[in-house]
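Trainee: work.cif is reproduced in full below (mmCIF, C-alpha atoms).
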data_coords
loop_
_atom_site.label_atom_id
_atom_site.label_comp_id
_atom_site.auth_asym_id
_atom_site.auth_seq_id
_atom_site.Cartn_x
_atom_site.Cartn_y
_atom_site.Cartn_z
CA MET W 138 14.61 -59.66 -120.45
CA SER W 139 17.08 -56.86 -119.78
CA ARG W 140 15.25 -56.05 -116.51
CA VAL W 141 15.70 -59.65 -115.42
CA LEU W 142 19.36 -59.52 -116.42
CA ILE W 143 19.88 -56.22 -114.56
CA THR W 144 18.05 -57.59 -111.52
CA LEU W 145 20.10 -60.75 -111.63
CA VAL W 146 23.37 -58.81 -111.91
CA ALA W 147 22.32 -56.46 -109.09
CA THR W 148 21.38 -59.41 -106.90
CA LEU W 149 24.68 -61.09 -107.67
CA MET W 150 26.63 -57.89 -106.83
CA LEU W 151 24.67 -57.45 -103.61
CA SER W 152 25.30 -61.08 -102.66
CA LEU W 153 29.02 -60.68 -103.34
CA SER W 154 29.24 -57.53 -101.21
CA VAL W 155 27.37 -59.25 -98.37
CA LEU W 156 29.65 -62.29 -98.71
CA VAL W 157 32.79 -60.10 -98.60
CA ASN W 158 31.49 -58.27 -95.51
CA ALA W 159 30.53 -61.61 -93.93
CA GLN W 160 34.05 -62.94 -94.56
CA ASN W 161 35.59 -59.86 -92.90
CA VAL W 162 33.33 -60.24 -89.91
CA SER W 163 33.95 -63.96 -89.85
CA ARG W 164 37.71 -63.46 -89.86
CA GLU W 165 37.50 -61.09 -86.92
CA GLU W 166 35.11 -63.41 -85.12
CA ILE W 167 37.36 -66.37 -85.88
CA ARG W 168 40.36 -64.53 -84.41
CA GLY W 169 38.34 -63.83 -81.29
CA LEU W 170 37.22 -67.44 -81.12
CA ASP W 171 40.80 -68.66 -81.59
CA GLU W 172 41.92 -66.54 -78.65
CA GLN W 173 39.05 -67.85 -76.53
CA ILE W 174 39.88 -71.43 -77.52
CA GLN W 175 43.54 -70.93 -76.58
CA ASP W 176 42.49 -69.52 -73.19
CA VAL W 177 40.19 -72.50 -72.61
CA LYS W 178 43.01 -74.91 -73.58
CA LYS W 179 45.33 -73.26 -71.05
CA ASP W 180 42.64 -73.55 -68.37
CA VAL W 181 42.02 -77.21 -69.19
CA ILE W 182 45.75 -78.01 -69.03
CA SER W 183 46.05 -76.22 -65.71
CA LEU W 184 43.00 -78.00 -64.28
CA THR W 185 44.23 -81.38 -65.53
CA SER W 186 47.59 -80.84 -63.88
CA GLU W 187 45.94 -79.84 -60.61
CA LEU W 188 43.56 -82.83 -60.76
CA ASN W 189 46.49 -85.20 -61.34
CA ARG W 190 48.29 -83.80 -58.29
CA LEU W 191 45.14 -84.13 -56.17
CA GLU W 192 44.51 -87.66 -57.45
CA GLU W 193 48.06 -88.69 -56.56
CA LYS W 194 47.70 -87.24 -53.05
CA LEU W 195 44.40 -89.07 -52.61
CA LEU W 196 45.53 -92.41 -54.04
CA PHE W 197 49.04 -92.38 -52.56
CA PRO W 198 49.05 -90.61 -49.17
CA SER W 199 52.55 -89.64 -48.09
CA ASN W 200 52.56 -91.90 -45.01
CA THR W 201 52.11 -95.09 -47.15
CA GLN W 202 53.69 -94.03 -50.45
CA VAL W 203 56.60 -95.84 -52.07
CA ALA W 204 57.91 -94.54 -55.40
CA LEU W 205 60.45 -96.41 -57.54
CA PHE W 206 62.66 -94.63 -60.07
CA VAL W 207 64.99 -95.92 -62.82
CA SER W 208 68.22 -94.18 -63.82
CA LEU W 209 71.23 -94.98 -66.03
CA PRO W 210 74.31 -93.42 -64.42
CA ASN W 211 77.41 -93.36 -66.66
CA SER W 212 75.93 -95.58 -69.37
CA GLN W 213 76.64 -93.90 -72.70
CA GLU W 214 77.87 -97.24 -74.11
CA PHE W 215 74.76 -99.11 -72.97
CA SER W 216 71.19 -99.15 -74.31
CA LEU W 217 68.46 -100.28 -71.91
CA GLU W 218 65.71 -102.35 -73.55
CA SER W 219 63.38 -103.30 -70.70
CA VAL W 220 62.97 -103.33 -66.93
CA GLU W 221 60.75 -105.54 -64.80
CA VAL W 222 60.05 -104.67 -61.17
CA LYS W 223 58.64 -106.99 -58.50
CA LEU W 224 57.56 -105.63 -55.13
CA ASN W 225 56.44 -108.09 -52.45
CA ASN W 226 56.98 -110.92 -54.99
CA GLN W 227 54.42 -109.46 -57.43
CA VAL W 228 55.24 -107.89 -60.79
CA VAL W 229 54.25 -104.25 -60.38
CA ALA W 230 55.93 -102.75 -63.45
CA HIS W 231 57.33 -103.86 -66.78
CA HIS W 232 58.55 -101.24 -69.22
CA LEU W 233 59.94 -101.46 -72.77
CA TYR W 234 62.03 -98.41 -73.59
CA THR W 235 61.81 -96.29 -76.72
CA TYR W 236 64.81 -94.60 -78.29
CA ARG W 237 63.81 -91.21 -76.84
CA GLU W 238 63.37 -92.61 -73.35
CA ILE W 239 66.80 -94.25 -73.50
CA GLU W 240 68.32 -91.02 -74.74
CA ALA W 241 66.72 -89.07 -71.88
CA LEU W 242 67.95 -91.57 -69.29
CA GLN W 243 71.48 -91.48 -70.76
CA GLN W 244 71.46 -87.69 -70.42
CA GLY W 245 70.74 -87.95 -66.69
CA GLY W 246 66.96 -88.27 -66.67
CA VAL W 247 65.12 -90.37 -64.12
CA GLN W 248 61.93 -92.32 -64.81
CA ARG W 249 59.29 -92.97 -62.17
CA ILE W 250 58.41 -96.56 -62.97
CA HIS W 251 56.02 -97.33 -60.11
CA THR W 252 54.19 -95.74 -57.19
CA ALA W 253 52.37 -97.81 -54.57
CA ASN W 254 50.87 -97.81 -51.11
CA VAL W 255 52.61 -100.15 -48.67
CA GLN W 256 52.57 -100.68 -44.94
CA THR W 257 55.53 -99.93 -42.74
CA GLY W 258 58.17 -102.63 -42.57
CA ALA W 259 60.46 -104.49 -44.95
CA HIS W 260 59.33 -105.24 -48.50
CA PRO W 261 61.36 -107.34 -50.96
CA LEU W 262 62.15 -105.60 -54.25
CA GLU W 263 63.47 -107.51 -57.26
CA VAL W 264 64.56 -105.80 -60.48
CA THR W 265 65.50 -107.43 -63.79
CA TYR W 266 66.78 -105.57 -66.83
CA PHE W 267 67.67 -106.39 -70.42
CA GLY W 268 69.98 -104.26 -72.53
CA LYS W 269 72.64 -104.14 -75.21
CA SER W 270 76.04 -102.56 -75.54
CA LYS W 271 76.87 -100.50 -78.62
CA SER W 272 78.88 -103.48 -79.89
CA GLY W 273 75.69 -105.59 -79.78
CA LYS W 274 76.48 -107.68 -76.69
CA GLU W 275 73.34 -108.45 -74.68
CA TYR W 276 73.18 -107.96 -70.93
CA ARG W 277 70.68 -109.23 -68.42
CA ALA W 278 70.85 -108.88 -64.67
CA THR W 279 68.62 -109.34 -61.65
CA ALA W 280 69.13 -107.81 -58.23
CA THR W 281 67.19 -107.73 -54.99
CA HIS W 282 66.82 -105.08 -52.34
CA SER W 283 64.83 -104.74 -49.15
CA VAL W 284 62.71 -101.59 -49.05
CA GLU W 285 62.49 -100.48 -45.43
CA LYS W 286 59.27 -98.49 -45.22
CA ALA W 287 58.77 -96.18 -42.27
CA VAL W 288 56.03 -93.62 -41.71
CA GLY W 289 56.33 -91.06 -44.48
CA PRO W 290 57.07 -91.34 -48.18
CA LYS W 291 59.82 -93.68 -49.39
CA PHE W 292 61.73 -93.21 -52.65
CA VAL W 293 64.07 -95.80 -54.16
CA GLU W 294 66.28 -95.16 -57.17
CA ILE W 295 67.13 -98.21 -59.27
CA GLN W 296 70.47 -97.48 -60.94
CA VAL W 297 71.08 -99.75 -63.93
CA ALA W 298 74.85 -99.79 -64.32
CA GLY W 299 74.80 -101.35 -67.78
CA ASN W 300 77.75 -103.29 -69.05
CA GLN W 301 78.93 -104.26 -65.55
CA SER W 302 75.67 -106.27 -65.33
CA ALA W 303 74.91 -104.59 -62.03
CA ILE W 304 71.95 -102.89 -60.47
CA ASN W 305 72.43 -100.54 -57.55
CA PHE W 306 69.75 -99.19 -55.23
CA LYS W 307 69.70 -95.78 -53.62
CA ASP W 308 67.21 -94.96 -50.87
CA TRP W 309 66.05 -91.38 -50.57
#
Translate the structure of the given file into structure tokens.
Mentor:
Amino acid sequence: MSRVLITLVATLMLSLSVLVNAQNVSREEIRGLDEQIQDVKKDVISLTSELNRLEEKLLFPSNTQVALFVSLPNSQEFSLESVEVKLNNQVVAHHLYTYREIEALQQGGVQRIHTANVQTGAHPLEVTYFGKSKSGKEYRATATHSVEKAVGPKFVEIQVAGNQSAINFKDW
């Protein structure tokens, strides 16, 4: 019986020492794997970014590209709720804004709301927005603009002026 007990204790001690050594090796291996995983993540992010750029170039060649941007110049007292954009009498974008997006726009950010391929010539653009002032007054305005597309990319900034109930357009 004592031989069995001694054998059992020896086996248990041997198992514990193997387990401790396995944990040390595992920790080192895990650190190595973590570093490899981080390297792979960086590569995947880089490849995704490059693929997105290539996809945009393929889908929206520069000679037919029109990009529409939304900005809120001088609108600290105004909170934008939504914007709807029609190009060639078709709704091409409708966006409901989150608090963070509004905050970014109020700090001078610009949002690309739509990118499309269009032929050269004039294209009607209609923009409608909804918003509120800090006092709670609701604003809604609609404005139209003619996008004159020539060969090459065309960029149009939609400036929502806020409490003046005005929308201005800036061609780039």
Trainee: Have a look at W:Ser199, W:Ser272, W:Leu224, W:Thr279 and name the one nearest to W:Ala259; count only C-alpha atoms.
Mentor: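 Residue with the minimum atom-to-atom distance to W:Ala259: W:Leu224.
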Trainee: Let me know the residues the PyMOL selection byres ((chain W and resi 293) around 8) catches in the file above, as a VMD selection string.
Mentor: chain W and resid 203 to 206 284 291 to 292 294 to 295 306 to 309
Trainee: Output the residue selection produced by the PyMOL selection byres ((chain W and resi 252) around 8) on the file above, formatted as a ChimeraX atom specification.
Mentor: /W:197,202-205,249-251,253-254
Trainee: Which one of W:Phe267, W:Thr257, W:Val207, W:Leu262 sits closest to W:Gln243 if you count all atoms listed in the file?
Mentor: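 Residue with the minimum atom-to-atom distance to W:Gln243: W:Val207.
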Trainee: Given 8 Å on each side, where is the centre and what are the edge lengths in Å to one decimal of the axis-aligned box enclosing the listed atoms of stretch 213-231 of chain W, as lines of an AutoDock Vina configuration file?
Mentor:
center_x = 66.1
center_y = -102.4
center_z = -63.4
size_x = 39.6
size_y = 33.0
size_z = 37.9
Trainee: Can you work out which one of W:Glu165, W:Leu217, W:Asp180, W:Ser208 has the shortest atom-to-atom distance to W:Gly273, counting only C-alpha atoms?
Mentor: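 Closest candidate: W:Leu217.
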Trainee: Would you mind reading off the distance between atom CA of W:Glu218 and atom CA of W:Ala241, one decimal, in Å?
Mentor: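 So the two atoms, atom CA of W:Glu218 and atom CA of W:Ala241, lie 13.4 Å apart.
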Trainee: Compare W:Gln227, W:Asn211, W:Ile167, W:Leu188 by their minimum atom-to-atom distance to W:Gln244, counting only C-alpha atoms, and give me the closest one.
Mentor: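 Once distances to W:Gln244 are computed over only C-alpha atoms, the minimum belongs to W:Asn211.
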Trainee: So what do you get for atom CA of W:Ser270 versus atom CA of W:Ala298, distance-wise?
Mentor: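 These two atoms are separated by 11.6 Å.
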Trainee: Have a look at atom CA of W:Leu209 and atom CA of W:Lys194 and let me know their distance in Å, one decimal.
Mentor: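 Separating atom CA of W:Leu209 from atom CA of W:Lys194 is a distance of 28.0 Å.
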Trainee: Which residue out of W:Val229, W:Ile304, W:Val255, W:Leu191 has the minimum interatomic distance to W:Lys286 when all atoms listed in the file are used?
Mentor: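 Closest residue, counting all atoms listed in the file: W:Val255.
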Trainee: Could you spell out the hits of the PyMOL selection byres ((chain W and resi 223) around 9) on the shown file, as a list in words?
Mentor: Glu221, Val222, Leu224, Asn225, Asn226, Gln227, Val228, Val229, Ala230, His231, Pro261, Leu262, Glu263, Val264 and Thr265 of chain W
Trainee: Save the residues we just selected, C-alpha atoms, as an mmCIF file, in the coordinates of the input?
Mentor:
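Writing the result to selection-v7.cif gives the following:
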data_model
loop_
_atom_site.group_PDB
_atom_site.id
_atom_site.type_symbol
_atom_site.label_atom_id
_atom_site.label_comp_id
_atom_site.auth_asym_id
_atom_site.auth_seq_id
_atom_site.Cartn_x
_atom_site.Cartn_y
_atom_site.Cartn_z
ATOM 1 C CA GLU W 221 60.750 -105.540 -64.800
ATOM 2 C CA VAL W 222 60.050 -104.670 -61.170
ATOM 3 C CA LEU W 224 57.560 -105.630 -55.130
ATOM 4 C CA ASN W 225 56.440 -108.090 -52.450
ATOM 5 C CA ASN W 226 56.980 -110.920 -54.990
ATOM 6 C CA GLN W 227 54.420 -109.460 -57.430
ATOM 7 C CA VAL W 228 55.240 -107.890 -60.790
ATOM 8 C CA VAL W 229 54.250 -104.250 -60.380
ATOM 9 C CA ALA W 230 55.930 -102.750 -63.450
ATOM 10 C CA HIS W 231 57.330 -103.860 -66.780
ATOM 11 C CA PRO W 261 61.360 -107.340 -50.960
ATOM 12 C CA LEU W 262 62.150 -105.600 -54.250
ATOM 13 C CA GLU W 263 63.470 -107.510 -57.260
ATOM 14 C CA VAL W 264 64.560 -105.800 -60.480
ATOM 15 C CA THR W 265 65.500 -107.430 -63.790
#
Trainee: For W:Gln256, which residue out of W:Leu233, W:Ile239, W:Val288, W:Ala278 is the nearest one, using all atoms listed in the file?
Mentor: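 Among W:Leu233, W:Ile239, W:Val288, W:Ala278, it is W:Val288 that comes nearest to W:Gln256.
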Trainee: Kindly complete stretch 264-275 of chain W to all heavy atoms; the output should be written as a CSV table (one decimal), in the frame of the given file.
Mentor:
chain,number,residue,atom,x,y,z
W,264,VAL,N,64.5,-106.5,-59.2
W,264,VAL,CA,64.6,-105.8,-60.5
W,264,VAL,C,65.4,-106.6,-61.5
W,264,VAL,O,66.5,-107.1,-61.2
W,264,VAL,CB,65.2,-104.4,-60.3
W,264,VAL,CG1,65.3,-103.7,-61.6
W,264,VAL,CG2,64.4,-103.6,-59.3
W,265,THR,N,64.8,-106.8,-62.7
W,265,THR,CA,65.5,-107.4,-63.8
W,265,THR,C,65.5,-106.5,-65.0
W,265,THR,O,64.5,-105.8,-65.3
W,265,THR,CB,64.8,-108.7,-64.2
W,265,THR,OG1,64.7,-109.6,-63.1
W,265,THR,CG2,65.5,-109.4,-65.3
W,266,TYR,N,66.7,-106.4,-65.6
W,266,TYR,CA,66.8,-105.6,-66.8
W,266,TYR,C,67.4,-106.3,-68.0
W,266,TYR,O,68.1,-107.3,-67.8
W,266,TYR,CB,67.6,-104.3,-66.6
W,266,TYR,CG,69.1,-104.4,-66.6
W,266,TYR,CD1,69.8,-104.4,-67.8
W,266,TYR,CD2,69.8,-104.7,-65.4
W,266,TYR,CE1,71.1,-104.5,-67.8
W,266,TYR,CE2,71.2,-104.8,-65.5
W,266,TYR,CZ,71.8,-104.7,-66.7
W,266,TYR,OH,73.2,-104.9,-66.7
W,267,PHE,N,67.1,-105.9,-69.2
W,267,PHE,CA,67.7,-106.4,-70.4
W,267,PHE,C,68.2,-105.2,-71.2
W,267,PHE,O,67.6,-104.1,-71.2
W,267,PHE,CB,66.6,-107.1,-71.3
W,267,PHE,CG,66.1,-108.3,-70.7
W,267,PHE,CD1,64.9,-108.3,-70.0
W,267,PHE,CD2,66.7,-109.5,-70.9
W,267,PHE,CE1,64.3,-109.4,-69.5
W,267,PHE,CE2,66.1,-110.7,-70.4
W,267,PHE,CZ,65.0,-110.6,-69.6
W,268,GLY,N,69.4,-105.4,-71.8
W,268,GLY,CA,70.0,-104.3,-72.5
W,268,GLY,C,71.1,-104.8,-73.5
W,268,GLY,O,71.4,-105.9,-73.5
W,269,LYS,N,71.6,-103.8,-74.3
W,269,LYS,CA,72.6,-104.1,-75.2
W,269,LYS,C,73.7,-103.1,-75.1
W,269,LYS,O,73.4,-101.9,-75.0
W,269,LYS,CB,72.1,-104.2,-76.6
W,269,LYS,CG,71.3,-105.4,-77.0
W,269,LYS,CD,70.9,-105.4,-78.4
W,269,LYS,CE,70.0,-106.6,-78.8
W,269,LYS,NZ,69.6,-106.6,-80.2
W,270,SER,N,75.0,-103.5,-75.4
W,270,SER,CA,76.0,-102.6,-75.5
W,270,SER,C,76.0,-102.1,-77.0
W,270,SER,O,75.4,-102.6,-77.8
W,270,SER,CB,77.4,-103.2,-75.2
W,270,SER,OG,77.7,-104.2,-76.2
W,271,LYS,N,76.8,-101.0,-77.2
W,271,LYS,CA,76.9,-100.5,-78.6
W,271,LYS,C,77.5,-101.5,-79.6
W,271,LYS,O,77.2,-101.5,-80.8
W,271,LYS,CB,77.6,-99.2,-78.7
W,271,LYS,CG,76.9,-98.1,-78.0
W,271,LYS,CD,77.4,-96.7,-78.4
W,271,LYS,CE,76.5,-95.7,-77.8
W,271,LYS,NZ,76.5,-94.4,-78.4
W,272,SER,N,78.3,-102.4,-79.0
W,272,SER,CA,78.9,-103.5,-79.9
W,272,SER,C,77.9,-104.6,-80.2
W,272,SER,O,78.2,-105.5,-81.0
W,272,SER,CB,80.1,-104.0,-79.2
W,272,SER,OG,79.8,-104.7,-78.0
W,273,GLY,N,76.7,-104.6,-79.5
W,273,GLY,CA,75.7,-105.6,-79.8
W,273,GLY,C,75.6,-106.7,-78.7
W,273,GLY,O,74.8,-107.6,-78.8
W,274,LYS,N,76.5,-106.7,-77.7
W,274,LYS,CA,76.5,-107.7,-76.7
W,274,LYS,C,75.3,-107.5,-75.8
W,274,LYS,O,75.0,-106.3,-75.4
W,274,LYS,CB,77.8,-107.6,-75.9
W,274,LYS,CG,77.8,-108.7,-74.8
W,274,LYS,CD,79.2,-108.6,-74.1
W,274,LYS,CE,79.2,-109.7,-73.0
W,274,LYS,NZ,80.4,-109.7,-72.2
W,275,GLU,N,74.5,-108.5,-75.5
W,275,GLU,CA,73.3,-108.4,-74.7
W,275,GLU,C,73.7,-108.6,-73.2
W,275,GLU,O,74.5,-109.5,-72.9
W,275,GLU,CB,72.3,-109.5,-75.1
W,275,GLU,CG,71.8,-109.2,-76.5
W,275,GLU,CD,70.6,-110.2,-76.9
W,275,GLU,OE1,70.3,-111.1,-76.1
W,275,GLU,OE2,70.1,-110.0,-78.0
